[in-house]
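Visitor: Input structure: query_18.txt, which contains compact mmCIF, C-alpha atoms and all ligand atoms.
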# COMPACT_ATOMS: atom_id res chain seq x y z
CA MET A 45 -8.47 -29.61 56.44
CA THR A 46 -8.98 -26.03 55.36
CA ILE A 47 -7.18 -24.88 52.28
CA LYS A 48 -4.78 -22.07 52.97
CA LYS A 49 -4.53 -18.98 50.83
CA GLN A 50 -3.41 -20.15 47.42
CA MET A 51 -1.39 -18.58 44.62
CA ILE A 52 -0.45 -19.88 41.20
CA PHE A 53 2.88 -18.94 39.62
CA CYS A 54 2.85 -19.91 35.97
CA ASP A 55 5.70 -19.78 33.47
CA PHE A 56 5.07 -18.40 29.98
CA ASP A 57 7.40 -19.75 27.26
CA GLY A 58 6.86 -23.46 26.62
CA THR A 59 4.21 -23.53 29.35
CA ILE A 60 1.45 -21.13 28.25
CA THR A 61 2.81 -21.09 24.70
CA ASN A 62 3.57 -24.38 22.99
CA SER A 63 7.15 -23.40 22.23
CA ASP A 64 9.86 -20.97 23.32
CA ASN A 65 9.44 -17.51 21.80
CA ILE A 66 12.99 -16.28 22.44
CA ILE A 67 14.35 -19.25 20.49
CA ALA A 68 11.81 -18.63 17.71
CA ILE A 69 12.85 -14.94 17.47
CA MET A 70 16.55 -15.78 17.39
CA LYS A 71 16.14 -18.50 14.77
CA LYS A 72 14.27 -16.12 12.52
CA PHE A 73 16.05 -12.77 13.06
CA ALA A 74 19.46 -13.16 14.73
CA PRO A 75 22.85 -13.67 13.09
CA GLU A 76 24.27 -17.11 13.82
CA GLU A 77 26.30 -16.01 16.90
CA TRP A 78 23.11 -16.42 18.93
CA GLU A 79 23.57 -20.20 18.96
CA ASP A 80 26.90 -19.94 20.69
CA ILE A 81 25.39 -17.67 23.37
CA LYS A 82 22.47 -20.09 23.84
CA ASN A 83 24.86 -23.03 24.26
CA LYS A 84 26.82 -21.14 26.92
CA VAL A 85 23.59 -20.52 28.83
CA LEU A 86 22.65 -24.20 28.64
CA SER A 87 26.09 -25.31 29.81
CA GLN A 88 25.86 -22.66 32.57
CA GLU A 89 29.07 -20.92 31.42
CA ILE A 90 27.12 -17.66 31.47
CA SER A 91 23.95 -16.73 33.38
CA ILE A 92 20.49 -16.62 31.83
CA LYS A 93 20.52 -12.85 32.32
CA GLU A 94 23.79 -12.38 30.50
CA GLY A 95 22.78 -14.75 27.70
CA VAL A 96 19.35 -13.24 27.05
CA GLY A 97 20.81 -9.72 27.16
CA LYS A 98 23.53 -10.64 24.66
CA MET A 99 21.14 -12.42 22.30
CA PHE A 100 18.77 -9.46 22.05
CA ALA A 101 21.71 -7.09 21.63
CA LEU A 102 22.24 -8.82 18.27
CA LEU A 103 18.91 -7.47 16.99
CA PRO A 104 18.45 -3.98 15.52
CA THR A 105 15.66 -2.00 17.16
CA GLU A 106 14.26 -1.07 13.75
CA GLN A 107 13.00 -4.66 13.54
CA LYS A 108 10.69 -4.15 16.52
CA GLU A 109 7.40 -4.26 14.63
CA VAL A 110 8.32 -7.19 12.37
CA ILE A 111 9.48 -9.25 15.35
CA LYS A 112 6.33 -8.46 17.28
CA GLU A 113 4.11 -9.32 14.31
CA PHE A 114 6.04 -12.55 13.74
CA ILE A 115 5.52 -13.72 17.33
CA VAL A 116 1.88 -12.71 17.55
CA ALA A 117 1.21 -14.52 14.25
CA ASN A 118 3.18 -17.67 15.09
CA ALA A 119 3.01 -18.33 18.83
CA GLU A 120 0.43 -20.90 19.88
CA ILE A 121 -1.30 -20.76 23.24
CA ARG A 122 -1.57 -24.19 24.86
CA ASP A 123 -4.98 -25.86 24.88
CA GLY A 124 -7.22 -25.01 27.78
CA PHE A 125 -5.37 -21.89 28.91
CA LYS A 126 -8.37 -19.58 28.46
CA GLU A 127 -10.58 -22.00 30.41
CA PHE A 128 -7.90 -22.33 33.07
CA VAL A 129 -7.78 -18.54 33.54
CA ALA A 130 -11.58 -18.51 33.93
CA TYR A 131 -11.35 -21.36 36.45
CA THR A 132 -8.81 -19.51 38.63
CA LYS A 133 -11.07 -16.44 38.60
CA GLU A 134 -14.11 -18.49 39.66
CA GLU A 135 -12.09 -20.09 42.44
CA GLY A 136 -10.57 -16.76 43.49
CA ILE A 137 -7.02 -18.07 43.15
CA PRO A 138 -4.56 -15.32 42.14
CA LEU A 139 -2.70 -16.30 38.97
CA TYR A 140 0.68 -14.68 38.38
CA ILE A 141 2.64 -15.11 35.17
CA VAL A 142 6.37 -15.29 35.94
CA SER A 143 8.32 -15.24 32.72
CA GLY A 144 11.87 -14.93 31.51
CA GLY A 145 10.35 -13.63 28.28
CA ILE A 146 10.20 -10.00 27.21
CA ASP A 147 7.29 -7.56 27.60
CA PHE A 148 6.94 -6.79 23.88
CA PHE A 149 5.81 -10.34 23.10
CA VAL A 150 4.54 -11.63 26.47
CA GLU A 151 2.04 -8.80 26.98
CA PRO A 152 0.40 -8.83 23.51
CA LEU A 153 0.01 -12.63 23.65
CA LEU A 154 -1.71 -12.41 27.05
CA ALA A 155 -3.81 -9.34 26.23
CA GLY A 156 -7.43 -9.84 27.21
CA LEU A 157 -6.53 -12.89 29.32
CA ILE A 158 -4.27 -11.68 32.12
CA GLU A 159 -4.06 -8.18 33.60
CA GLU A 160 -0.68 -6.57 33.14
CA THR A 161 -0.29 -6.12 36.90
CA ASN A 162 -0.21 -9.93 37.20
CA ILE A 163 2.54 -10.32 34.59
CA TYR A 164 6.17 -10.43 35.74
CA CYS A 165 8.65 -10.46 32.87
CA ASN A 166 11.70 -8.66 31.52
CA GLN A 167 11.35 -5.34 29.72
CA SER A 168 12.81 -3.93 26.56
CA ASP A 169 14.30 -0.62 25.52
CA PHE A 170 14.18 0.19 21.82
CA SER A 171 15.71 3.67 22.09
CA GLY A 172 19.20 2.62 20.95
CA GLU A 173 20.43 0.89 17.82
CA LYS A 174 20.11 -2.63 19.24
CA ILE A 175 17.48 -4.10 21.57
CA ASN A 176 18.40 -3.53 25.22
CA ILE A 177 16.77 -5.79 27.81
CA LEU A 178 15.86 -4.30 31.19
CA TRP A 179 15.50 -6.36 34.35
CA PRO A 180 12.86 -5.01 36.73
CA HIS A 181 12.63 -8.35 38.59
CA ALA A 182 16.28 -9.17 39.18
CA CYS A 183 17.40 -11.50 42.00
CA ASP A 184 16.89 -10.44 45.61
CA GLU A 185 19.60 -10.92 48.25
CA LYS A 186 18.63 -14.57 48.72
CA CYS A 187 19.34 -15.55 45.10
CA ASN A 188 22.71 -15.33 43.39
CA ASN A 189 21.79 -17.18 40.24
CA ASP A 190 21.67 -13.98 38.08
CA CYS A 191 18.28 -15.15 36.77
CA GLY A 192 17.25 -12.04 34.89
CA CYS A 193 13.61 -12.42 35.83
CA CYS A 194 14.03 -14.10 39.23
CA LYS A 195 11.09 -16.40 39.91
CA PRO A 196 12.06 -17.28 43.51
CA SER A 197 12.41 -13.55 44.32
CA ILE A 198 8.93 -12.83 42.90
CA ILE A 199 7.43 -15.70 44.91
CA ARG A 200 9.08 -14.40 48.09
CA LYS A 201 7.69 -10.95 47.38
CA LEU A 202 4.10 -12.01 46.64
CA ALA A 203 3.49 -15.00 48.90
CA ASP A 204 3.37 -15.19 52.69
CA THR A 205 5.01 -18.06 54.50
CA ASP A 206 1.63 -19.78 54.88
CA THR A 207 0.53 -19.32 51.25
CA TYR A 208 -0.06 -22.57 49.36
CA LYS A 209 2.15 -22.04 46.31
CA ILE A 210 1.44 -23.80 43.02
CA VAL A 211 4.20 -23.59 40.38
CA ILE A 212 3.52 -24.51 36.74
CA GLY A 213 6.46 -24.76 34.35
CA ASP A 214 8.39 -26.62 31.71
CA SER A 215 12.10 -26.04 32.06
CA ILE A 216 15.29 -25.43 33.99
CA THR A 217 14.29 -21.79 34.60
CA ASP A 218 11.39 -23.05 36.75
CA LEU A 219 13.47 -25.31 38.93
CA GLU A 220 14.32 -22.82 41.69
CA ALA A 221 10.65 -21.78 41.87
CA ALA A 222 9.62 -25.45 42.01
CA LYS A 223 11.84 -25.91 45.07
CA LEU A 224 9.80 -23.24 46.90
CA ALA A 225 6.41 -24.63 45.81
CA ASP A 226 3.86 -26.66 47.76
CA GLN A 227 2.69 -28.20 44.50
CA VAL A 228 4.52 -28.46 41.17
CA ILE A 229 2.77 -29.05 37.86
CA ALA A 230 5.39 -29.83 35.24
CA ARG A 231 6.02 -30.79 31.66
CA ASP A 232 9.01 -31.50 29.46
CA PHE A 233 12.49 -30.82 30.91
CA LEU A 234 11.16 -29.70 34.31
CA ILE A 235 9.84 -33.26 34.82
CA LYS A 236 13.35 -34.62 34.39
CA LYS A 237 14.80 -32.02 36.75
CA CYS A 238 12.14 -32.70 39.43
CA GLU A 239 12.81 -36.42 39.19
CA GLU A 240 16.56 -35.87 39.55
CA GLN A 241 16.08 -33.68 42.61
CA SER A 242 13.24 -35.74 44.15
CA ILE A 243 10.72 -32.90 43.94
CA ALA A 244 7.12 -34.19 43.83
CA PHE A 245 5.19 -33.06 40.76
CA SER A 246 2.12 -33.75 38.64
CA PRO A 247 2.71 -33.97 34.88
CA PHE A 248 0.60 -32.01 32.39
CA GLU A 249 0.28 -31.49 28.66
CA THR A 250 -2.71 -29.15 28.42
CA PHE A 251 -4.34 -26.71 30.84
CA TYR A 252 -7.33 -29.04 30.99
CA ASN A 253 -4.93 -31.45 32.74
CA VAL A 254 -3.85 -28.64 35.07
CA MET A 255 -7.47 -27.94 36.03
CA ASP A 256 -8.10 -31.64 36.68
CA ILE A 257 -5.03 -31.77 38.93
CA LEU A 258 -6.20 -28.74 40.92
CA LYS A 259 -9.81 -29.94 41.16
CA LYS A 260 -8.73 -33.33 42.42
CA ARG A 261 -6.72 -31.69 45.15
CA GLU A 262 -9.68 -29.61 46.32
CA VAL A 263 -11.80 -32.72 46.76
CA THR A 264 -9.19 -34.63 48.72
CA ALA A 265 -7.80 -31.74 50.76
MG MG A 301 9.41 -22.06 30.03
ZN ZN A 302 17.41 -15.29 40.96
If you convert what's in this file into structure tokens, what do you get?

Guide:
Amino acid sequence: MTIKKQMIFCDFDGTITNSDNIIAIMKKFAPEEWEDIKNKVLSQEISIKEGVGKMFALLPTEQKEVIKEFIVANAEIRDGFKEFVAYTKEEGIPLYIVSGGIDFFVEPLLAGLIEETNIYCNQSDFSGEKINILWPHACDEKCNNDCGCCKPSIIRKLADTDTYKIVIGDSITDLEAAKLADQVIARDFLIKKCEEQSIAFSPFETFYNVMDILKKREVTA
């Protein structure tokens, strides 16, 4: 069997980083209303797009530099990610980062590892009094989930119908992408969701595990 053209779509928060950076920012900088907004997102009363927009609108733009410094100093990149990036380059497999995070922390944390053209995330506007989130990758006509950064739409845009699509993620925001994937590599809450919906997946904790999963597949394909 010949391996088709492959592409990897990898989540950022909780997948490449050990924990969720939006939650970390809100815990540290936002007034307590943020928790109520977060709970409404989790209970699906409001969309991810609406929730993330409202949470960042709680933060004054003058805090930009402190927030950025806080994240760059505190976020941890998961073990093996650097080696994994090198592996995908050697194998010639395009690696796209698809993230519901925001450019001002996603891009500095990936600097020197991933080219900006391969990063799909939300953007930020600091020109007003409060942080305004911009949505350059909103849902296409096939998605009405109001995702904010719409992972299924990005996959549809980048992959052909015969592309072998590998999705790596950790949470509910990766579920719609996982449904479109040929192979799902999952941790944490995404495992539970895949089990519930009978989506096949391989579990991972580090990117060394991810490489092992992909190498095994090459041998047996
Ligand atoms: Mg995530
Ligand atoms: Zn969408």

Visitor: Can you sort out the box for range 239-253 of chain A, edges along x, y and z, all listed atoms in, 6 Å on every side, with centre and edge lengths in Å to one decimal, as AutoDock Vina command-line options?

Guide:
--center_x 4.6 --center_y -31.6 --center_z 36.3 --size_x 35.9 --size_y 21.7 --size_z 27.7

Visitor: All residues within 8 Å of ligand ZN 302 (chain A) are required, counting only C-alpha atoms and all ligand atoms; please report them as a PDB file with C-alpha atoms, keeping the file's coordinate frame.

Guide:
ATOM      1  CA  ALA A 182      16.280  -9.170  39.180  1.00  0.00           C
ATOM      2  CA  CYS A 183      17.400 -11.500  42.000  1.00  0.00           C
ATOM      3  CA  ASP A 184      16.890 -10.440  45.610  1.00  0.00           C
ATOM      4  CA  LYS A 186      18.630 -14.570  48.720  1.00  0.00           C
ATOM      5  CA  CYS A 187      19.340 -15.550  45.100  1.00  0.00           C
ATOM      6  CA  ASN A 188      22.710 -15.330  43.390  1.00  0.00           C
ATOM      7  CA  ASN A 189      21.790 -17.180  40.240  1.00  0.00           C
ATOM      8  CA  ASP A 190      21.670 -13.980  38.080  1.00  0.00           C
ATOM      9  CA  CYS A 191      18.280 -15.150  36.770  1.00  0.00           C
ATOM     10  CA  GLY A 192      17.250 -12.040  34.890  1.00  0.00           C
ATOM     11  CA  CYS A 193      13.610 -12.420  35.830  1.00  0.00           C
ATOM     12  CA  CYS A 194      14.030 -14.100  39.230  1.00  0.00           C
ATOM     13  CA  LYS A 195      11.090 -16.400  39.910  1.00  0.00           C
ATOM     14  CA  PRO A 196      12.060 -17.280  43.510  1.00  0.00           C
ATOM     15  CA  SER A 197      12.410 -13.550  44.320  1.00  0.00           C
TER      16      SER A 197
END

Visitor: Between CA of Val110 in chain A and CA of Trp179 in chain A, what is the distance, to one decimal in Å?

Guide: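 Between CA of Val110 in chain A and CA of Trp179 in chain A the gap works out to 23.1 Å.
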
Visitor: Can you pull out every residue with an atom within 7 Å of ligand MG 301 (chain A)? Use only C-alpha atoms and all ligand atoms and format it as number ranges by chain.

Guide: A: 55-59, 64, 213-215, 217

Visitor: Could you tell me which of A:Ile158, A:Ile141, A:Ile199, A:Met70 comes closest to Met99 in chain A if we count all atoms listed in the file?

Guide: A:Met70

Visitor: Identify, on the basis of all atoms listed in the file, every residue whose closest approach to range 172-174 of chain A does not exceed 10 Å; exclude the query and any residue fewer than 6 positions from it along the same chain; express the result as a short mmCIF file (atom, residue, chain, number, x, y, z; two decimals) with C-alpha atoms, in the coordinates of the input.

Guide:
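So the final result, stored in selection.cif, reads:
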data_model
loop_
_atom_site.label_atom_id
_atom_site.label_comp_id
_atom_site.auth_asym_id
_atom_site.auth_seq_id
_atom_site.Cartn_x
_atom_site.Cartn_y
_atom_site.Cartn_z
CA PHE A 100 18.77 -9.46 22.05
CA ALA A 101 21.71 -7.09 21.63
CA LEU A 102 22.24 -8.82 18.27
CA LEU A 103 18.91 -7.47 16.99
CA PRO A 104 18.45 -3.98 15.52
CA THR A 105 15.66 -2.00 17.16
CA GLU A 106 14.26 -1.07 13.75
CA GLN A 107 13.00 -4.66 13.54
CA LYS A 108 10.69 -4.15 16.52
#

Visitor: Under the rule that all atoms listed in the file are counted, which of A:Asp169, A:Asp232, A:Asp80, A:Glu159 is the nearest residue to Leu139 in chain A?

Guide: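 For Leu139 in chain A, the nearest of the given residues is A:Glu159.
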
Visitor: In Å, how far is it from CA of Ile163 in chain A to CA of Tyr140 in chain A?

Guide: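 Between these atoms lies a distance of 6.1 Å.
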
Visitor: Just how far from CA of Leu219 in chain A is CA of Asn83 in chain A, in Å to one decimal?

Guide: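 Going from CA of Asn83 in chain A over to CA of Leu219 in chain A, I get 18.7 Å.
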
Visitor: For Lys49 in chain A, please output as a PyMOL selection string all residues within 8 Å (counting only C-alpha atoms; exclusion window: fewer than 5 positions along the same chain).

Guide: chain A and resi 206-208

Visitor: Create the file for the chosen residues now, containing C-alpha atoms and written as a short mmCIF file (atom, residue, chain, number, x, y, z; two decimals), keeping the file's coordinate frame.

Guide:
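Result file out24.cif:
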data_model
loop_
_atom_site.label_atom_id
_atom_site.label_comp_id
_atom_site.auth_asym_id
_atom_site.auth_seq_id
_atom_site.Cartn_x
_atom_site.Cartn_y
_atom_site.Cartn_z
CA ASP A 206 1.63 -19.78 54.88
CA THR A 207 0.53 -19.32 51.25
CA TYR A 208 -0.06 -22.57 49.36
#

Visitor: A:Phe170, A:Phe125, A:Phe251, A:Phe245: which is nearest Val211 in chain A, counting only C-alpha atoms?

Guide: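 Of the candidates, the smallest distance to Val211 in chain A is held by A:Phe245.
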
Visitor: Leaving out range 126-129 of chain A and any residue of its chain fewer than 5 positions from it, which residues lie within 12 Å of it when counting all atoms listed in the file, given as a PyMOL selection string?

Guide: chain A and resi 52+54+60-61+121+134-141+153-159+250-259

Visitor: Compare A:Ser246, A:Ser87, A:Asn118, A:Gln50 by their minimum atom-to-atom distance to Ile69 in chain A, counting only C-alpha atoms, and give me the closest one.

Guide: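 Smallest separation from Ile69 in chain A among the options: A:Asn118.
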
Visitor: For a cut-off of 12 Å around (13.2, -30.7, 33.7), file coordinates, pick out all residues using only C-alpha atoms and list them as an MDAnalysis selection string.

Guide: chainID A and resid 58 212:220 222 228:243 245 247

Visitor: List as a CSV table (one decimal) with C-alpha atoms, in the frame of the given file the protein and nucleic acid residues near Asn166 in chain A, meaning an atom at most 10 Å away when only C-alpha atoms are counted, but skip any in the same chain fewer than 2 places from it.

Guide:
chain,number,residue,atom,x,y,z
A,93,LYS,CA,20.5,-12.8,32.3
A,96,VAL,CA,19.4,-13.2,27.0
A,142,VAL,CA,6.4,-15.3,35.9
A,143,SER,CA,8.3,-15.2,32.7
A,144,GLY,CA,11.9,-14.9,31.5
A,145,GLY,CA,10.4,-13.6,28.3
A,146,ILE,CA,10.2,-10.0,27.2
A,147,ASP,CA,7.3,-7.6,27.6
A,148,PHE,CA,6.9,-6.8,23.9
A,150,VAL,CA,4.5,-11.6,26.5
A,163,ILE,CA,2.5,-10.3,34.6
A,164,TYR,CA,6.2,-10.4,35.7
A,168,SER,CA,12.8,-3.9,26.6
A,177,ILE,CA,16.8,-5.8,27.8
A,178,LEU,CA,15.9,-4.3,31.2
A,179,TRP,CA,15.5,-6.4,34.4
A,180,PRO,CA,12.9,-5.0,36.7
A,181,HIS,CA,12.6,-8.4,38.6
A,182,ALA,CA,16.3,-9.2,39.2
A,192,GLY,CA,17.2,-12.0,34.9
A,193,CYS,CA,13.6,-12.4,35.8
A,194,CYS,CA,14.0,-14.1,39.2

Visitor: Would you mind listing what lies within 9 Å of Ile81 in chain A as a list in words, with only C-alpha atoms counted and same-chain residues fewer than 4 positions away left out?

Guide: Glu77, Val85, Leu86, Ile90, Gly95, Val96, Lys98 and Met99 of chain A

Visitor: Reconstruct range 176-209 of chain A at the level of N, CA and C atoms, and format the result as a PDB file, keeping the file's coordinate frame.

Guide:
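The resulting file, out12.pdb, is shown below:
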ATOM      1  N   ASN A 176      17.806  -3.480  23.878  1.00  0.00           N
ATOM      2  CA  ASN A 176      18.400  -3.530  25.220  1.00  0.00           C
ATOM      3  C   ASN A 176      17.353  -4.095  26.174  1.00  0.00           C
ATOM      4  N   ILE A 177      17.720  -5.178  26.869  1.00  0.00           N
ATOM      5  CA  ILE A 177      16.770  -5.790  27.810  1.00  0.00           C
ATOM      6  C   ILE A 177      16.956  -5.186  29.202  1.00  0.00           C
ATOM      7  N   LEU A 178      15.836  -4.870  29.835  1.00  0.00           N
ATOM      8  CA  LEU A 178      15.860  -4.300  31.190  1.00  0.00           C
ATOM      9  C   LEU A 178      15.319  -5.366  32.155  1.00  0.00           C
ATOM     10  N   TRP A 179      15.772  -5.283  33.393  1.00  0.00           N
ATOM     11  CA  TRP A 179      15.500  -6.360  34.350  1.00  0.00           C
ATOM     12  C   TRP A 179      14.814  -5.838  35.609  1.00  0.00           C
ATOM     13  N   PRO A 180      13.533  -5.552  35.536  1.00  0.00           N
ATOM     14  CA  PRO A 180      12.860  -5.010  36.730  1.00  0.00           C
ATOM     15  C   PRO A 180      12.670  -6.045  37.850  1.00  0.00           C
ATOM     16  N   HIS A 181      12.837  -7.320  37.555  1.00  0.00           N
ATOM     17  CA  HIS A 181      12.630  -8.350  38.590  1.00  0.00           C
ATOM     18  C   HIS A 181      13.896  -9.176  38.796  1.00  0.00           C
ATOM     19  N   ALA A 182      14.999  -8.493  38.969  1.00  0.00           N
ATOM     20  CA  ALA A 182      16.280  -9.170  39.180  1.00  0.00           C
ATOM     21  C   ALA A 182      16.300  -9.864  40.540  1.00  0.00           C
ATOM     22  N   CYS A 183      17.305 -10.695  40.774  1.00  0.00           N
ATOM     23  CA  CYS A 183      17.400 -11.500  42.000  1.00  0.00           C
ATOM     24  C   CYS A 183      17.462 -10.631  43.262  1.00  0.00           C
ATOM     25  N   ASP A 184      16.774 -11.088  44.297  1.00  0.00           N
ATOM     26  CA  ASP A 184      16.890 -10.440  45.610  1.00  0.00           C
ATOM     27  C   ASP A 184      18.157 -10.965  46.306  1.00  0.00           C
ATOM     28  N   GLU A 185      18.351 -10.572  47.565  1.00  0.00           N
ATOM     29  CA  GLU A 185      19.600 -10.920  48.250  1.00  0.00           C
ATOM     30  C   GLU A 185      19.710 -12.422  48.569  1.00  0.00           C
ATOM     31  N   LYS A 186      18.576 -13.136  48.436  1.00  0.00           N
ATOM     32  CA  LYS A 186      18.630 -14.570  48.720  1.00  0.00           C
ATOM     33  C   LYS A 186      18.971 -15.418  47.492  1.00  0.00           C
ATOM     34  N   CYS A 187      19.052 -14.788  46.319  1.00  0.00           N
ATOM     35  CA  CYS A 187      19.340 -15.550  45.100  1.00  0.00           C
ATOM     36  C   CYS A 187      20.585 -14.969  44.427  1.00  0.00           C
ATOM     37  N   ASN A 188      21.559 -15.845  44.128  1.00  0.00           N
ATOM     38  CA  ASN A 188      22.710 -15.330  43.390  1.00  0.00           C
ATOM     39  C   ASN A 188      22.926 -16.077  42.083  1.00  0.00           C
ATOM     40  N   ASN A 189      21.801 -16.399  41.472  1.00  0.00           N
ATOM     41  CA  ASN A 189      21.790 -17.180  40.240  1.00  0.00           C
ATOM     42  C   ASN A 189      21.859 -16.270  38.995  1.00  0.00           C
ATOM     43  N   ASP A 190      21.709 -14.944  39.188  1.00  0.00           N
ATOM     44  CA  ASP A 190      21.670 -13.980  38.080  1.00  0.00           C
ATOM     45  C   ASP A 190      20.605 -14.395  37.052  1.00  0.00           C
ATOM     46  N   CYS A 191      19.378 -14.593  37.567  1.00  0.00           N
ATOM     47  CA  CYS A 191      18.280 -15.150  36.770  1.00  0.00           C
ATOM     48  C   CYS A 191      17.815 -14.230  35.633  1.00  0.00           C
ATOM     49  N   GLY A 192      17.927 -12.947  35.813  1.00  0.00           N
ATOM     50  CA  GLY A 192      17.250 -12.040  34.890  1.00  0.00           C
ATOM     51  C   GLY A 192      15.895 -11.713  35.475  1.00  0.00           C
ATOM     52  N   CYS A 193      14.876 -12.502  35.121  1.00  0.00           N
ATOM     53  CA  CYS A 193      13.610 -12.420  35.830  1.00  0.00           C
ATOM     54  C   CYS A 193      13.654 -13.517  36.892  1.00  0.00           C
ATOM     55  N   CYS A 194      13.767 -13.113  38.168  1.00  0.00           N
ATOM     56  CA  CYS A 194      14.030 -14.100  39.230  1.00  0.00           C
ATOM     57  C   CYS A 194      12.722 -14.621  39.832  1.00  0.00           C
ATOM     58  N   LYS A 195      12.361 -15.835  39.451  1.00  0.00           N
ATOM     59  CA  LYS A 195      11.090 -16.400  39.910  1.00  0.00           C
ATOM     60  C   LYS A 195      11.041 -16.602  41.429  1.00  0.00           C
ATOM     61  N   PRO A 196      12.099 -17.150  42.045  1.00  0.00           N
ATOM     62  CA  PRO A 196      12.060 -17.280  43.510  1.00  0.00           C
ATOM     63  C   PRO A 196      11.880 -15.923  44.206  1.00  0.00           C
ATOM     64  N   SER A 197      12.538 -14.878  43.699  1.00  0.00           N
ATOM     65  CA  SER A 197      12.410 -13.550  44.320  1.00  0.00           C
ATOM     66  C   SER A 197      10.969 -13.044  44.226  1.00  0.00           C
ATOM     67  N   ILE A 198      10.324 -13.278  43.083  1.00  0.00           N
ATOM     68  CA  ILE A 198       8.930 -12.830  42.900  1.00  0.00           C
ATOM     69  C   ILE A 198       8.014 -13.601  43.855  1.00  0.00           C
ATOM     70  N   ILE A 199       8.243 -14.898  43.986  1.00  0.00           N
ATOM     71  CA  ILE A 199       7.430 -15.700  44.910  1.00  0.00           C
ATOM     72  C   ILE A 199       7.597 -15.185  46.342  1.00  0.00           C
ATOM     73  N   ARG A 200       8.848 -14.914  46.728  1.00  0.00           N
ATOM     74  CA  ARG A 200       9.080 -14.400  48.090  1.00  0.00           C
ATOM     75  C   ARG A 200       8.373 -13.071  48.309  1.00  0.00           C
ATOM     76  N   LYS A 201       8.309 -12.258  47.268  1.00  0.00           N
ATOM     77  CA  LYS A 201       7.690 -10.950  47.380  1.00  0.00           C
ATOM     78  C   LYS A 201       6.165 -11.053  47.496  1.00  0.00           C
ATOM     79  N   LEU A 202       5.558 -11.969  46.739  1.00  0.00           N
ATOM     80  CA  LEU A 202       4.100 -12.010  46.640  1.00  0.00           C
ATOM     81  C   LEU A 202       3.444 -12.931  47.677  1.00  0.00           C
ATOM     82  N   ALA A 203       4.121 -14.005  48.035  1.00  0.00           N
ATOM     83  CA  ALA A 203       3.490 -15.000  48.900  1.00  0.00           C
ATOM     84  C   ALA A 203       3.921 -14.811  50.357  1.00  0.00           C
ATOM     85  N   ASP A 204       3.012 -15.132  51.273  1.00  0.00           N
ATOM     86  CA  ASP A 204       3.370 -15.190  52.690  1.00  0.00           C
ATOM     87  C   ASP A 204       3.913 -16.579  52.979  1.00  0.00           C
ATOM     88  N   THR A 205       4.452 -16.746  54.175  1.00  0.00           N
ATOM     89  CA  THR A 205       5.010 -18.060  54.500  1.00  0.00           C
ATOM     90  C   THR A 205       3.935 -19.148  54.530  1.00  0.00           C
ATOM     91  N   ASP A 206       2.678 -18.749  54.815  1.00  0.00           N
ATOM     92  CA  ASP A 206       1.630 -19.780  54.880  1.00  0.00           C
ATOM     93  C   ASP A 206       0.824 -19.895  53.582  1.00  0.00           C
ATOM     94  N   THR A 207       1.234 -19.198  52.533  1.00  0.00           N
ATOM     95  CA  THR A 207       0.530 -19.320  51.250  1.00  0.00           C
ATOM     96  C   THR A 207       0.815 -20.677  50.622  1.00  0.00           C
ATOM     97  N   TYR A 208      -0.245 -21.321  50.093  1.00  0.00           N
ATOM     98  CA  TYR A 208      -0.060 -22.570  49.360  1.00  0.00           C
ATOM     99  C   TYR A 208       0.333 -22.216  47.933  1.00  0.00           C
ATOM    100  N   LYS A 209       1.585 -22.527  47.571  1.00  0.00           N
ATOM    101  CA  LYS A 209       2.150 -22.040  46.310  1.00  0.00           C
ATOM    102  C   LYS A 209       2.165 -23.143  45.243  1.00  0.00           C
TER     103      LYS A 209
END
